[in-house]
$ cat final-v8.txt   # compact mmCIF, C-alpha atoms
# COMPACT_ATOMS: atom_id res chain seq x y z
CA MET A 1 22.99 -10.91 -9.52
CA HIS A 2 19.41 -10.63 -8.40
CA ALA A 3 17.32 -7.60 -7.63
CA SER A 4 16.97 -6.55 -4.03
CA SER A 5 13.51 -7.13 -2.64
CA GLU A 6 13.06 -3.38 -2.48
CA GLU A 7 13.71 -3.08 -6.19
CA LEU A 8 11.51 -6.06 -6.86
CA ARG A 9 8.61 -4.50 -4.98
CA ALA A 10 8.95 -1.27 -6.89
CA ALA A 11 9.08 -3.13 -10.19
CA LEU A 12 6.04 -5.20 -9.20
CA VAL A 13 3.99 -2.09 -8.51
CA GLY A 14 4.83 -0.94 -12.01
CA LEU A 15 3.77 -4.29 -13.42
CA LEU A 16 0.43 -4.47 -11.61
CA PRO A 17 -1.64 -3.08 -14.52
CA ARG A 18 -0.23 -5.63 -16.95
CA LEU A 19 -0.57 -8.46 -14.45
CA ARG A 20 -4.17 -7.49 -13.96
CA ARG A 21 -4.82 -7.44 -17.71
CA PHE A 22 -3.33 -10.93 -18.05
CA ALA A 23 -5.28 -12.15 -15.02
CA ARG A 24 -8.50 -10.72 -16.46
CA ALA A 25 -7.89 -12.56 -19.71
CA LEU A 26 -7.41 -15.81 -17.80
CA ALA A 27 -10.08 -15.51 -15.16
CA ARG A 28 -12.70 -13.17 -16.64
CA ASP A 29 -14.21 -12.36 -13.25
CA HIS A 30 -12.76 -9.12 -11.89
CA HIS A 31 -12.47 -10.28 -8.30
CA ASP A 32 -10.92 -13.58 -9.26
CA ALA A 33 -8.43 -11.72 -11.41
CA ASP A 34 -7.38 -9.42 -8.58
CA ASP A 35 -7.09 -12.41 -6.26
CA LEU A 36 -4.75 -13.98 -8.78
CA VAL A 37 -2.59 -10.88 -9.03
CA GLN A 38 -2.36 -10.69 -5.26
CA LEU A 39 -1.44 -14.33 -4.98
CA ALA A 40 1.19 -13.99 -7.70
CA VAL A 41 2.74 -10.96 -6.01
CA GLU A 42 2.89 -12.77 -2.67
CA ARG A 43 4.53 -15.78 -4.28
CA ALA A 44 7.00 -13.61 -6.18
CA LEU A 45 8.12 -11.85 -3.00
CA LEU A 46 8.62 -15.22 -1.31
CA ARG A 47 10.60 -16.54 -4.24
CA SER A 48 12.60 -13.47 -5.15
CA ALA A 49 15.79 -15.51 -4.80
CA GLN A 50 14.68 -17.63 -7.77
CA LEU A 51 14.15 -14.60 -9.97
CA ARG A 52 15.95 -15.16 -13.24
CA THR A 53 17.62 -12.15 -14.73
CA ASP A 54 17.81 -13.68 -18.21
CA ALA A 55 14.10 -13.09 -18.83
CA PRO A 56 12.00 -9.96 -18.34
CA LEU A 57 10.41 -9.72 -14.92
CA ALA A 58 6.97 -9.53 -16.56
CA ASN A 59 7.42 -12.98 -18.09
CA TRP A 60 8.51 -14.50 -14.79
CA MET A 61 5.41 -12.95 -13.19
CA PHE A 62 3.11 -14.22 -15.95
CA GLY A 63 4.41 -17.71 -15.25
CA ILE A 64 3.78 -17.39 -11.51
CA LEU A 65 0.34 -15.92 -12.10
CA ARG A 66 -0.64 -18.70 -14.46
CA HIS A 67 0.52 -21.33 -11.98
CA ALA A 68 -1.65 -19.65 -9.36
CA TRP A 69 -4.57 -19.82 -11.79
CA LEU A 70 -3.99 -23.51 -12.56
CA ASP A 71 -3.88 -24.22 -8.82
CA GLU A 72 -7.14 -22.37 -8.44
CA LEU A 73 -8.76 -24.32 -11.26
CA ARG A 74 -7.66 -27.58 -9.72
CA ALA A 75 -9.02 -26.52 -6.36
CA ARG A 76 -12.41 -25.65 -7.82
CA GLY A 77 -12.62 -28.67 -10.00
CA ARG A 78 -11.36 -28.38 -13.51
CA ARG A 79 -14.46 -29.40 -15.31
CA ALA A 80 -16.64 -26.59 -14.07
CA GLN A 81 -14.16 -23.89 -14.98
CA LEU A 82 -12.64 -24.85 -18.28
CA PHE A 83 -15.74 -24.01 -20.20
CA VAL A 84 -17.85 -21.18 -18.92
CA PRO A 85 -21.38 -21.61 -20.25
CA ALA A 86 -22.45 -18.77 -22.51
CA GLU A 87 -25.30 -17.62 -20.31
CA ALA A 88 -23.12 -17.61 -17.22
CA ALA A 89 -20.27 -15.80 -18.91
CA ALA A 90 -22.51 -12.86 -19.69
CA GLN A 91 -23.14 -12.39 -15.98
CA VAL A 92 -19.68 -13.09 -14.71
CA GLY A 93 -18.19 -9.86 -15.95
CA ASP A 94 -18.79 -6.60 -14.20
CA THR A 95 -20.63 -4.56 -16.78
CA SER A 96 -21.23 -1.60 -14.51
CA GLN A 97 -18.47 0.39 -16.16
CA GLY A 98 -20.29 0.66 -19.44
CA GLU A 99 -18.05 -1.65 -21.39
CA HIS A 100 -18.47 -1.73 -25.10
CA ALA A 101 -20.58 -4.54 -26.51
CA ASP A 102 -17.71 -5.88 -28.59
CA THR A 103 -15.51 -5.89 -25.51
CA LEU A 104 -18.00 -8.15 -23.78
CA ALA A 105 -18.30 -10.41 -26.81
CA VAL A 106 -14.52 -10.76 -27.03
CA GLN A 107 -14.14 -11.40 -23.30
CA ASP A 108 -16.91 -14.00 -23.36
CA ALA A 109 -15.41 -15.76 -26.35
CA LEU A 110 -11.98 -15.86 -24.73
CA ALA A 111 -13.47 -17.21 -21.51
CA ARG A 112 -14.96 -20.10 -23.46
CA LEU A 113 -11.62 -21.31 -24.79
CA PRO A 114 -9.87 -24.20 -23.08
CA GLU A 115 -7.39 -22.75 -20.58
CA GLU A 116 -4.29 -23.73 -22.56
CA GLN A 117 -5.50 -21.93 -25.65
CA ARG A 118 -6.70 -18.95 -23.66
CA ALA A 119 -3.30 -18.52 -21.99
CA ALA A 120 -1.51 -18.75 -25.36
CA VAL A 121 -3.83 -16.17 -26.91
CA ALA A 122 -3.49 -13.85 -23.90
CA LEU A 123 0.30 -14.00 -23.84
CA VAL A 124 0.91 -13.52 -27.56
CA LEU A 125 -2.02 -11.46 -28.80
CA ILE A 126 -2.81 -9.36 -25.73
CA GLU A 127 0.49 -9.15 -23.86
CA GLY A 128 2.56 -9.06 -27.04
CA LEU A 129 5.07 -11.76 -26.08
CA SER A 130 7.07 -13.52 -28.77
CA TYR A 131 6.39 -17.23 -29.35
CA LYS A 132 9.63 -18.03 -27.56
CA GLU A 133 8.70 -15.95 -24.53
CA ALA A 134 5.18 -17.33 -24.38
CA ALA A 135 6.50 -20.88 -24.61
CA TYR A 136 8.88 -20.09 -21.73
CA VAL A 137 6.01 -18.76 -19.61
CA MET A 138 3.83 -21.78 -20.34
CA GLU A 139 6.77 -24.19 -19.98
CA VAL A 140 6.03 -25.93 -23.28
CA PRO A 141 7.96 -26.34 -26.55
CA ILE A 142 7.35 -23.64 -29.15
CA GLY A 143 5.50 -26.10 -31.40
CA THR A 144 2.99 -26.78 -28.64
CA LEU A 145 2.55 -23.08 -28.04
CA THR A 146 1.92 -22.31 -31.71
CA SER A 147 -0.61 -25.09 -32.13
CA ARG A 148 -2.52 -23.95 -29.03
CA LEU A 149 -2.41 -20.42 -30.33
CA ALA A 150 -3.66 -21.48 -33.76
CA ARG A 151 -6.54 -23.49 -32.32
CA GLY A 152 -7.45 -20.67 -29.96
CA ARG A 153 -7.50 -18.18 -32.79
CA GLU A 154 -9.64 -20.35 -35.02
CA ALA A 155 -12.13 -20.88 -32.21
CA LEU A 156 -12.27 -17.15 -31.50
CA GLN A 157 -12.79 -16.28 -35.17
CA GLU A 158 -15.58 -18.81 -35.30
CA MET A 159 -17.30 -17.46 -32.18
CA LEU A 160 -16.83 -13.80 -32.99
CA GLY A 161 -17.19 -13.78 -36.74
CA GLU A 162 -15.89 -10.85 -38.72
CA SER A 163 -16.59 -7.59 -37.05
CA PRO A 164 -17.32 -5.03 -39.74
CA GLY A 165 -15.43 -2.41 -37.81
CA ALA A 166 -12.38 -4.53 -37.14
CA LEU A 167 -11.25 -5.11 -40.72
CA ARG A 168 -9.75 -1.99 -42.09
CA MET B 1 3.10 -21.25 -53.13
CA ILE B 2 0.48 -22.18 -50.58
CA PHE B 3 0.83 -20.75 -47.12
CA SER B 4 -0.56 -22.68 -44.17
CA ASP B 5 -2.70 -20.99 -41.55
CA GLU B 6 0.15 -21.28 -39.07
CA THR B 7 2.48 -19.49 -41.47
CA VAL B 8 -0.04 -16.72 -42.01
CA MET B 9 -0.43 -16.38 -38.25
CA ALA B 10 3.32 -16.34 -37.72
CA TYR B 11 3.59 -13.61 -40.32
CA ALA B 12 0.90 -11.53 -38.60
CA ASP B 13 2.74 -12.05 -35.31
CA GLY B 14 6.09 -10.94 -36.73
CA GLU B 15 7.56 -14.41 -36.18
CA LEU B 16 8.62 -15.39 -39.70
CA ASP B 17 12.26 -15.28 -40.70
CA ALA B 18 13.30 -12.77 -43.34
CA SER B 19 13.15 -15.08 -46.36
CA MET B 20 9.72 -16.51 -45.55
CA ARG B 21 8.46 -13.05 -44.78
CA ALA B 22 9.67 -11.78 -48.14
CA ALA B 23 8.10 -14.74 -49.94
CA LEU B 24 4.77 -14.18 -48.25
CA GLU B 25 4.80 -10.47 -48.91
CA LEU B 26 5.56 -11.07 -52.55
CA ALA B 27 2.71 -13.57 -52.80
CA MET B 28 0.38 -11.26 -50.92
CA ALA B 29 0.87 -8.50 -53.48
CA GLY B 30 -0.78 -10.63 -56.15
CA ASP B 31 -3.15 -12.62 -53.98
CA PRO B 32 -5.97 -10.64 -52.35
CA LEU B 33 -7.19 -13.76 -50.57
CA LEU B 34 -3.86 -14.22 -48.84
CA ALA B 35 -3.81 -10.53 -47.92
CA GLN B 36 -7.29 -11.00 -46.47
CA ARG B 37 -6.16 -13.97 -44.37
CA VAL B 38 -3.39 -11.80 -42.91
CA ALA B 39 -5.78 -8.92 -42.30
CA ARG B 40 -8.14 -11.29 -40.50
CA GLN B 41 -5.40 -12.31 -38.06
CA ARG B 42 -4.43 -8.72 -37.45
CA ALA B 43 -8.05 -7.74 -36.90
CA LEU B 44 -8.44 -10.41 -34.24
CA ARG B 45 -5.39 -9.13 -32.38
CA ALA B 46 -6.74 -5.58 -32.59
CA ARG B 47 -10.10 -6.69 -31.19
CA LEU B 48 -8.48 -8.52 -28.31
CA ARG B 49 -6.34 -5.51 -27.50
CA ALA B 50 -9.33 -3.19 -27.66
CA ALA B 51 -11.20 -5.46 -25.25
CA PHE B 52 -8.40 -5.81 -22.70
CA ASP B 53 -6.23 -2.70 -22.90
CA PRO B 54 -8.72 -0.59 -20.91
CA VAL B 55 -7.87 -2.79 -17.92
CA LEU B 56 -4.51 -1.00 -17.81
CA ASP B 57 -6.23 2.30 -17.08
CA GLU B 58 -8.46 1.06 -14.28
CA PRO B 59 -7.66 2.39 -10.82
CA PRO B 60 -5.59 -0.13 -8.88
CA ALA B 61 -7.27 -2.26 -6.27
CA PRO B 62 -6.28 -0.79 -2.90
CA ARG B 63 -5.67 -4.23 -1.47
CA LEU B 64 -3.01 -4.98 -4.09
CA LEU B 65 -1.09 -1.88 -3.19
CA GLN B 66 -1.67 -2.52 0.49
CA ASN B 67 -0.13 -5.89 -0.06
CA LEU B 68 3.02 -4.42 -1.55
CA ARG B 69 3.22 -1.52 0.84
CA GLU B 70 2.92 -3.63 3.97
CA ALA B 71 5.73 -5.78 2.77
CA ALA B 72 7.96 -2.75 2.34
CA PRO B 73 10.79 -2.36 4.87
CA GLN B 74 10.93 0.59 7.20
CA PRO B 75 12.11 3.69 5.37
CA ARG B 76 15.75 4.40 5.98
CA SER B 77 15.12 8.05 6.62
CA ALA B 78 12.51 9.53 8.90
CA THR B 79 11.82 12.21 6.33
CA VAL B 80 10.38 9.74 3.86
CA VAL B 81 6.73 10.47 3.32
CA PRO B 82 4.97 8.00 1.08
CA LEU B 83 3.44 10.07 -1.67
CA ALA B 84 0.44 7.79 -1.85
CA ARG B 85 -0.77 9.11 1.49
CA ARG B 86 -0.76 12.67 0.27
CA VAL B 87 -2.90 11.92 -2.69
CA VAL B 88 -6.61 11.93 -2.13
CA GLY B 89 -9.44 10.91 -4.36
CA ARG B 90 -9.60 8.38 -7.10
CA ARG B 91 -6.31 6.96 -8.20
CA SER B 92 -5.79 6.49 -11.86
CA TRP B 93 -3.03 4.68 -13.64
CA PRO B 94 -0.16 7.17 -13.59
CA GLN B 95 -0.37 7.22 -9.83
CA TRP B 96 0.98 3.72 -9.80
CA ALA B 97 4.22 5.46 -10.63
CA ALA B 98 3.83 7.70 -7.63
CA ILE B 99 3.19 4.73 -5.44
CA ALA B 100 6.21 3.00 -6.89
CA ALA B 101 8.25 6.04 -5.99
CA SER B 102 6.92 5.94 -2.45
CA LEU B 103 7.92 2.32 -2.12
CA ILE B 104 11.50 2.97 -3.02
CA GLY B 105 11.65 6.04 -0.85
CA GLY B 106 10.10 9.24 -2.10
CA ALA B 107 11.98 11.53 0.28
CA LEU B 108 12.38 14.25 -2.31
CA LEU B 109 8.88 14.22 -3.68
CA GLY B 110 7.12 15.95 -0.83
CA PRO B 111 9.06 19.22 -1.01
CA LEU B 112 8.72 19.18 -4.79
CA LEU B 113 4.98 18.88 -4.67
CA ILE B 114 4.37 21.62 -2.17
CA ARG B 115 7.21 23.93 -3.14
CA THR B 116 6.37 27.60 -3.44
CA PRO B 117 6.95 30.06 -5.02
CA GLY B 118 7.25 29.13 -8.63
CA ALA B 119 5.60 26.33 -10.49
CA PRO B 120 6.28 22.90 -8.97
CA GLU B 121 8.14 20.44 -11.19
CA VAL B 122 5.89 17.60 -10.17
CA LEU B 123 2.18 18.03 -9.73
CA VAL B 124 -0.90 15.96 -9.21
CA ARG B 125 -3.72 16.90 -11.53
CA ASN B 126 -6.93 14.94 -11.99
CA GLY B 127 -5.34 12.21 -9.97
CA GLN B 128 -2.37 11.96 -12.32
CA LEU B 129 1.26 12.58 -11.55
CA GLN B 130 2.42 15.06 -14.15
CA ALA B 131 5.46 17.13 -15.00
CA GLY B 132 5.14 20.85 -14.37
CA GLY B 133 7.26 23.99 -14.37
CA ALA B 134 10.85 23.70 -15.52
CA LEU B 135 10.58 19.93 -15.91
CA ALA B 136 7.65 20.17 -18.32
CA ARG B 137 9.43 22.90 -20.27
CA ALA B 138 12.62 20.86 -20.54
CA LEU B 139 10.68 17.77 -21.66
CA THR B 140 8.93 19.77 -24.34
CA ASP B 141 11.76 21.99 -25.57
CA GLN B 142 15.12 20.48 -24.73
CA LEU B 143 16.98 18.22 -27.15
CA ALA B 144 19.22 15.57 -25.67
CA SER B 145 22.02 16.78 -27.92
CA SER B 146 22.15 20.37 -26.65
CA GLN B 147 21.57 20.91 -22.98
CA ALA B 148 24.80 21.92 -21.32
CA GLY B 149 24.20 23.54 -17.96
CA ALA B 150 20.44 22.94 -17.93
CA PRO B 151 18.79 22.11 -14.59
CA VAL B 152 17.04 19.17 -16.23
CA GLN B 153 19.07 16.66 -18.22
CA ILE B 154 17.26 14.63 -20.83
CA GLY B 155 18.63 11.11 -21.21
CA VAL B 156 16.97 9.34 -24.10
CA SER B 157 13.83 9.93 -26.13
CA PHE B 158 11.97 6.89 -27.41
CA ARG B 159 8.66 5.52 -28.58
CA ALA B 160 6.64 3.43 -26.14
CA HIS B 161 4.76 0.32 -27.23
CA ASN B 162 1.53 2.33 -27.36
CA GLY B 163 3.14 4.84 -29.74
CA ASP B 164 3.57 7.66 -27.21
CA PHE B 165 6.81 9.59 -27.14
CA CYS B 166 8.64 9.19 -23.83
CA ARG B 167 11.82 10.72 -22.42
CA SER B 168 14.02 9.84 -19.49
CA PHE B 169 15.35 12.69 -17.40
CA VAL B 170 17.35 13.70 -14.35
CA LEU B 171 16.15 16.73 -12.44
CA HIS B 172 19.02 18.27 -10.48
CA GLN B 173 17.26 21.08 -8.66
CA PRO B 174 15.63 21.39 -6.22
CA GLY B 175 16.22 17.71 -5.55
CA ALA B 176 17.94 14.98 -7.50
CA LEU B 177 15.25 12.91 -9.15
CA ALA B 178 15.28 10.67 -12.17
CA GLY B 179 12.32 9.42 -14.12
CA VAL B 180 10.56 8.71 -17.36
CA ALA B 181 7.79 10.92 -18.73
CA CYS B 182 5.47 10.12 -21.62
CA ARG B 183 3.57 12.67 -23.64
CA GLY B 184 -0.19 12.57 -23.23
CA GLU B 185 -2.63 14.78 -25.03
CA ARG B 186 -1.92 17.89 -23.00
CA SER B 187 0.77 17.06 -20.51
CA TRP B 188 3.76 14.92 -19.60
CA ARG B 189 2.70 11.92 -17.57
CA LEU B 190 5.29 10.66 -15.11
CA GLU B 191 5.61 6.91 -15.50
CA VAL B 192 8.26 6.52 -12.84
CA LEU B 193 10.10 8.84 -10.51
CA ALA B 194 12.88 7.95 -8.11
CA PRO B 195 15.71 9.62 -6.22
CA SER B 196 18.74 9.88 -8.47
CA PRO B 197 21.96 8.27 -7.25
CA ALA B 198 23.78 11.34 -8.58
CA GLY B 199 22.54 13.12 -5.47
CA PRO B 200 21.39 16.72 -5.09
CA GLY B 201 23.70 19.34 -6.45
CA ALA B 202 25.41 17.02 -8.89
CA LEU B 203 27.19 18.83 -11.66
CA SER B 204 24.92 19.68 -14.50
CA GLY B 205 25.98 19.63 -18.08
CA TYR B 206 26.37 15.94 -18.53
CA GLN B 207 24.08 13.42 -20.13
CA PRO B 208 22.83 10.84 -17.66
CA ALA B 209 23.97 7.40 -18.70
CA ALA B 210 21.71 4.43 -18.04
CA SER B 211 24.08 3.32 -15.29
CA GLU B 212 23.40 6.54 -13.41
CA LEU B 213 19.66 6.02 -13.38
CA PRO B 214 17.99 4.19 -10.48
CA ALA B 215 17.20 0.56 -11.27
CA SER B 216 13.46 1.18 -11.11
CA VAL B 217 13.75 3.88 -13.76
CA VAL B 218 15.87 1.72 -16.02
CA ARG B 219 13.41 -1.12 -15.67
CA THR B 220 10.42 1.06 -16.50
CA LEU B 221 12.29 2.49 -19.46
CA GLU B 222 13.01 -0.99 -20.78
CA GLU B 223 9.41 -2.08 -20.23
CA LEU B 224 8.04 0.91 -22.08
CA ARG B 225 10.53 1.14 -24.89
CA ALA B 226 9.62 -0.16 -28.35
CA GLY B 227 12.73 -0.17 -30.49
CA GLU B 228 15.86 1.95 -30.32
CA PRO B 229 16.07 5.43 -28.78
CA LEU B 230 15.49 8.29 -31.22
CA ASP B 231 18.57 9.69 -32.93
CA ALA B 232 19.10 13.46 -33.06
CA PRO B 233 17.13 14.11 -36.29
CA SER B 234 14.15 11.96 -35.19
CA GLU B 235 14.18 13.66 -31.81
CA ALA B 236 14.09 17.09 -33.44
CA ALA B 237 11.26 15.95 -35.71
CA ALA B 238 9.28 14.64 -32.73
CA ARG B 239 9.76 17.95 -30.93
CA ALA B 240 8.56 19.82 -34.01
CA ARG B 241 5.33 17.78 -33.83
CA GLY B 242 4.87 18.69 -30.19
CA TRP B 243 5.69 15.08 -29.20
CA HIS B 244 2.31 13.96 -30.46
CA ARG B 245 2.12 10.52 -32.04

$ encode --input "final-v8.txt" --output "C-alpha cells"
Amino acid sequence: MHASSEELRAALVGLLPRLRRFARALARDHHDADDLVQLAVERALLRSAQLRTDAPLANWMFGILRHAWLDELRARGRRAQLFVPAEAAAQVGDTSQGEHADTLAVQDALARLPEEQRAAVALVLIEGLSYKEAAYVMEVPIGTLTSRLARGREALQEMLGESPGALR
Amino acid sequence: MIFSDETVMAYADGELDASMRAALELAMAGDPLLAQRVARQRALRARLRAAFDPVLDEPPAPRLLQNLREAAPQPRSATVVPLARRVVGRRSWPQWAAIAASLIGGALLGPLLIRTPGAPEVLVRNGQLQAGGALARALTDQLASSQAGAPVQIGVSFRAHNGDFCRSFVLHQPGALAGVACRGERSWRLEVLAPSPAGPGALSGYQPAASELPASVVRTLEELRAGEPLDAPSEAAARARGWHR
C-alpha cells in the first residue's frame, strides 16, 4: 500500500519545518536551504510510487533532500563547498533575525565539517534519528555512520570548546 | 572498565543495549570523569538543538507552499475554500497545519471560523490556528475515559517530543473534524485538522479509534508522539497541572 498523492502532499506540508531545519544544517545559507527543500519536495512528488511504508516519511524525505544537496555540491564543485572558510561562513548566514551568538558559532562550526560528518551530526543530534535510521538515510552501514558521527562530534567540540552555559 | 568515546557517545544517544547501559551507569556513579564525558556529549546535542530548533518556528517560505498547493488536484467539492487564502498577515508555524488542512480539503473549516453566535471552535489568533469555544473546553477538561455523549470526543493524550501535552480529538458538531491539539502556554495549538471520515452527525459517545481518524491526522500524531499514550491516571494528573509541561 502506498499513500495517495493527496495524502503525501498533506504530509509533506507538515514535514516542511523539519525538512527546512535539516536543510539549514546541511547548507547553512537560508536560500540554499529553501531551494533544497523545494527540490526534495518536487522529487518526492515525482517518485511517490517508490515511497516505502516501512520507514517514516521524514526519513525517506531526508534521504531525498540529502541526495539533492550532494547533486548541488557536485554541480558547484565539491572542493569549494566542503569547507566553508571561517570568514565566509560568518557572512553566509542571515543574521538579520537577531540570532544568538552561540547559535551562529554552532552553525559556523557545523558548516565547517566535511559533508559526511555534518549529515551524520544533523540526522542524529538535531533530527533525533536512531543510528539505524540515520544509516538508512545516508545509505551506509551503521559502523560507518557511527564513525562519521564520532569524528564530527570531536571536531565540533574542538571548534566550540566548552560553553559555560551548556554544561549543567 | 574503560569506556571508549564511541561507547560514551552511544550511551548519550540512547543506543547502548541494556547490559552495557547498566555497566556504564554503574561505573559513572563512582567515576566523575566518566560522568563528565557523558555530560559533554549531552551538552553538545543541547547546543545543536538550541541553534537549529528555532528554524521550526520560522514562517514558511511562500514559494514552498505555492509549490505544494499548485500540485494539488482540483477540489472535489466547489464549497472547498482553502483556509490559507482567508488568513492574512504573517504566517507562523501552526498555520502550516491550516495549510495542510486546506490541501486535503478544508470544506468544513470556513463555516467553523466565521460561525456566529457563540464562540467558534477554531480560531486564528496572532497568526496561529487555535482551539476555541467548546473544543478548547473539551481539550482542557475532558478525560478520554469519561466523555459519553460529549460533542467533542478525545482520542488519546500523549507527550510530544518537545515535552508538550497533546491530544487527538473528533469534533462532531457543527462539522465533523478530527485533529491533534498541543498545549501551548495559554492556548491549544492545532497541529493538524482534517475532515473526519465519520461524517457530520455521527453518533457521539464513542471513542475515536485510530482507524477512524484521517490519515493525515494519524501521521501527525505519530510524528509528534514520544512514547506511549497516557493512561487514565497520568491523563488525570496532566489535567490537574493544566496540561503544562

$ closest_atom_pairs --input "final-v8.txt" --of "chain A" --to "chain B" --cutoff "7 Å" --atoms "only C-alpha atoms" --output "JSON lines"
{"residue": "A:Glu6", "atom": "CA", "partner": "B:Ile104", "partner_atom": "CA", "distance": 6.6}
{"residue": "A:Glu7", "atom": "CA", "partner": "B:Ser216", "partner_atom": "CA", "distance": 6.5}
{"residue": "A:Arg9", "atom": "CA", "partner": "B:Leu68", "partner_atom": "CA", "distance": 6.6}
{"residue": "A:Ala10", "atom": "CA", "partner": "B:Ala100", "partner_atom": "CA", "distance": 5.1}
{"residue": "A:Ala11", "atom": "CA", "partner": "B:Ser216", "partner_atom": "CA", "distance": 6.2}
{"residue": "A:Val13", "atom": "CA", "partner": "B:Ala100", "partner_atom": "CA", "distance": 5.8}
{"residue": "A:Gly14", "atom": "CA", "partner": "B:Trp96", "partner_atom": "CA", "distance": 6.4}
{"residue": "A:Pro17", "atom": "CA", "partner": "B:Leu56", "partner_atom": "CA", "distance": 4.8}
{"residue": "A:Arg18", "atom": "CA", "partner": "B:Leu56", "partner_atom": "CA", "distance": 6.4}
{"residue": "A:Arg21", "atom": "CA", "partner": "B:Val55", "partner_atom": "CA", "distance": 5.6}
{"residue": "A:Gln38", "atom": "CA", "partner": "B:Leu64", "partner_atom": "CA", "distance": 5.9}
{"residue": "A:Thr103", "atom": "CA", "partner": "B:Ala51", "partner_atom": "CA", "distance": 4.3}
{"residue": "A:Val106", "atom": "CA", "partner": "B:Ala51", "partner_atom": "CA", "distance": 6.5}
{"residue": "A:Gln107", "atom": "CA", "partner": "B:Ala51", "partner_atom": "CA", "distance": 6.9}
{"residue": "A:Leu125", "atom": "CA", "partner": "B:Arg45", "partner_atom": "CA", "distance": 5.4}
{"residue": "A:Ile126", "atom": "CA", "partner": "B:Arg49", "partner_atom": "CA", "distance": 5.5}
{"residue": "A:Ala150", "atom": "CA", "partner": "B:Glu6", "partner_atom": "CA", "distance": 6.5}
{"residue": "A:Ala166", "atom": "CA", "partner": "B:Ala43", "partner_atom": "CA", "distance": 5.4}
{"residue": "A:Leu167", "atom": "CA", "partner": "B:Ala43", "partner_atom": "CA", "distance": 5.6}

$ residues_around --input "final-v8.txt" --residues "A:Phe62" --least-positions-apart "3" --cutoff "9 Å" --atoms "all atoms listed in the file" --output "list in words"
Leu19, Phe22, Ala23, Ala40, Leu57, Ala58, Asn59, Leu65, Arg66, His67, Leu123, Val137 and Met138 of chain A

$ residues_around --input "final-v8.txt" --residues "A:Ala134" --least-positions-apart "2" --cutoff "9 Å" --atoms "only C-alpha atoms" --output "mmCIF file with C-alpha atoms, in the coordinates of the input"
data_model
loop_
_atom_site.group_PDB
_atom_site.id
_atom_site.type_symbol
_atom_site.label_atom_id
_atom_site.label_comp_id
_atom_site.auth_asym_id
_atom_site.auth_seq_id
_atom_site.Cartn_x
_atom_site.Cartn_y
_atom_site.Cartn_z
ATOM 1 C CA ASN A 59 7.420 -12.980 -18.090
ATOM 2 C CA ALA A 119 -3.300 -18.520 -21.990
ATOM 3 C CA ALA A 120 -1.510 -18.750 -25.360
ATOM 4 C CA LEU A 123 0.300 -14.000 -23.840
ATOM 5 C CA VAL A 124 0.910 -13.520 -27.560
ATOM 6 C CA LEU A 129 5.070 -11.760 -26.080
ATOM 7 C CA SER A 130 7.070 -13.520 -28.770
ATOM 8 C CA TYR A 131 6.390 -17.230 -29.350
ATOM 9 C CA LYS A 132 9.630 -18.030 -27.560
ATOM 10 C CA TYR A 136 8.880 -20.090 -21.730
ATOM 11 C CA VAL A 137 6.010 -18.760 -19.610
ATOM 12 C CA MET A 138 3.830 -21.780 -20.340
ATOM 13 C CA GLU A 139 6.770 -24.190 -19.980
ATOM 14 C CA VAL A 140 6.030 -25.930 -23.280
ATOM 15 C CA ILE A 142 7.350 -23.640 -29.150
ATOM 16 C CA LEU A 145 2.550 -23.080 -28.040
#

$ atom_distance --input "final-v8.txt" --atom1 "atom CA of A:Gly161" --atom2 "atom CA of B:Ile2"
24.0 Å

$ atom_distance --input "final-v8.txt" --atom1 "atom CA of B:Ala237" --atom2 "atom CA of B:Gln153"
19.2 Å

$ atom_distance --input "final-v8.txt" --atom1 "atom CA of B:Gly242" --atom2 "atom CA of B:Leu230"
14.9 Å

$ closest_residue --input "final-v8.txt" --among "A:Leu160, A:Ala75, A:Val41, A:Ala101" --to "A:Met61" --atoms "only C-alpha atoms"
A:Val41

$ residues_near_point --input "final-v8.txt" --point "(0.0, -20.6, -46.7)" --cutoff "12 Å" --atoms "all atoms listed in the file" --output "MDAnalysis selection string"
chainID B and resid 1:11 20:21 23:25 27:28 31 33:35 37:38

$ decode --input "final-v8.txt" --residues "stretch 155-164 of chain A" --atoms "N, CA and C atoms" --output "PDB file, in the first residue's frame"
ATOM      1  N   ALA A 155      35.261  17.054  16.244  1.00  0.00           N
ATOM      2  CA  ALA A 155      35.637  18.303  15.575  1.00  0.00           C
ATOM      3  C   ALA A 155      34.814  19.480  16.110  1.00  0.00           C
ATOM      4  N   LEU A 156      33.544  19.231  16.345  1.00  0.00           N
ATOM      5  CA  LEU A 156      32.690  20.309  16.867  1.00  0.00           C
ATOM      6  C   LEU A 156      33.125  20.721  18.269  1.00  0.00           C
ATOM      7  N   GLN A 157      33.415  19.733  19.113  1.00  0.00           N
ATOM      8  CA  GLN A 157      33.852  20.044  20.484  1.00  0.00           C
ATOM      9  C   GLN A 157      35.125  20.878  20.434  1.00  0.00           C
ATOM     10  N   GLU A 158      35.996  20.511  19.505  1.00  0.00           N
ATOM     11  CA  GLU A 158      37.265  21.219  19.399  1.00  0.00           C
ATOM     12  C   GLU A 158      37.041  22.667  18.953  1.00  0.00           C
ATOM     13  N   MET A 159      36.159  22.845  17.980  1.00  0.00           N
ATOM     14  CA  MET A 159      35.911  24.200  17.458  1.00  0.00           C
ATOM     15  C   MET A 159      35.152  25.055  18.462  1.00  0.00           C
ATOM     16  N   LEU A 160      34.213  24.427  19.148  1.00  0.00           N
ATOM     17  CA  LEU A 160      33.306  25.210  20.001  1.00  0.00           C
ATOM     18  C   LEU A 160      33.802  25.342  21.430  1.00  0.00           C
ATOM     19  N   GLY A 161      34.614  24.392  21.861  1.00  0.00           N
ATOM     20  CA  GLY A 161      35.036  24.405  23.252  1.00  0.00           C
ATOM     21  C   GLY A 161      33.857  24.130  24.160  1.00  0.00           C
ATOM     22  N   GLU A 162      34.094  24.256  25.449  1.00  0.00           N
ATOM     23  CA  GLU A 162      33.006  24.039  26.399  1.00  0.00           C
ATOM     24  C   GLU A 162      32.315  25.371  26.615  1.00  0.00           C
ATOM     25  N   SER A 163      31.040  25.375  26.331  1.00  0.00           N
ATOM     26  CA  SER A 163      30.303  26.595  26.643  1.00  0.00           C
ATOM     27  C   SER A 163      29.920  26.552  28.111  1.00  0.00           C
ATOM     28  N   PRO A 164      30.226  27.596  28.862  1.00  0.00           N
ATOM     29  CA  PRO A 164      29.929  27.558  30.290  1.00  0.00           C
ATOM     30  C   PRO A 164      28.445  27.332  30.548  1.00  0.00           C
TER      31      PRO A 164
END
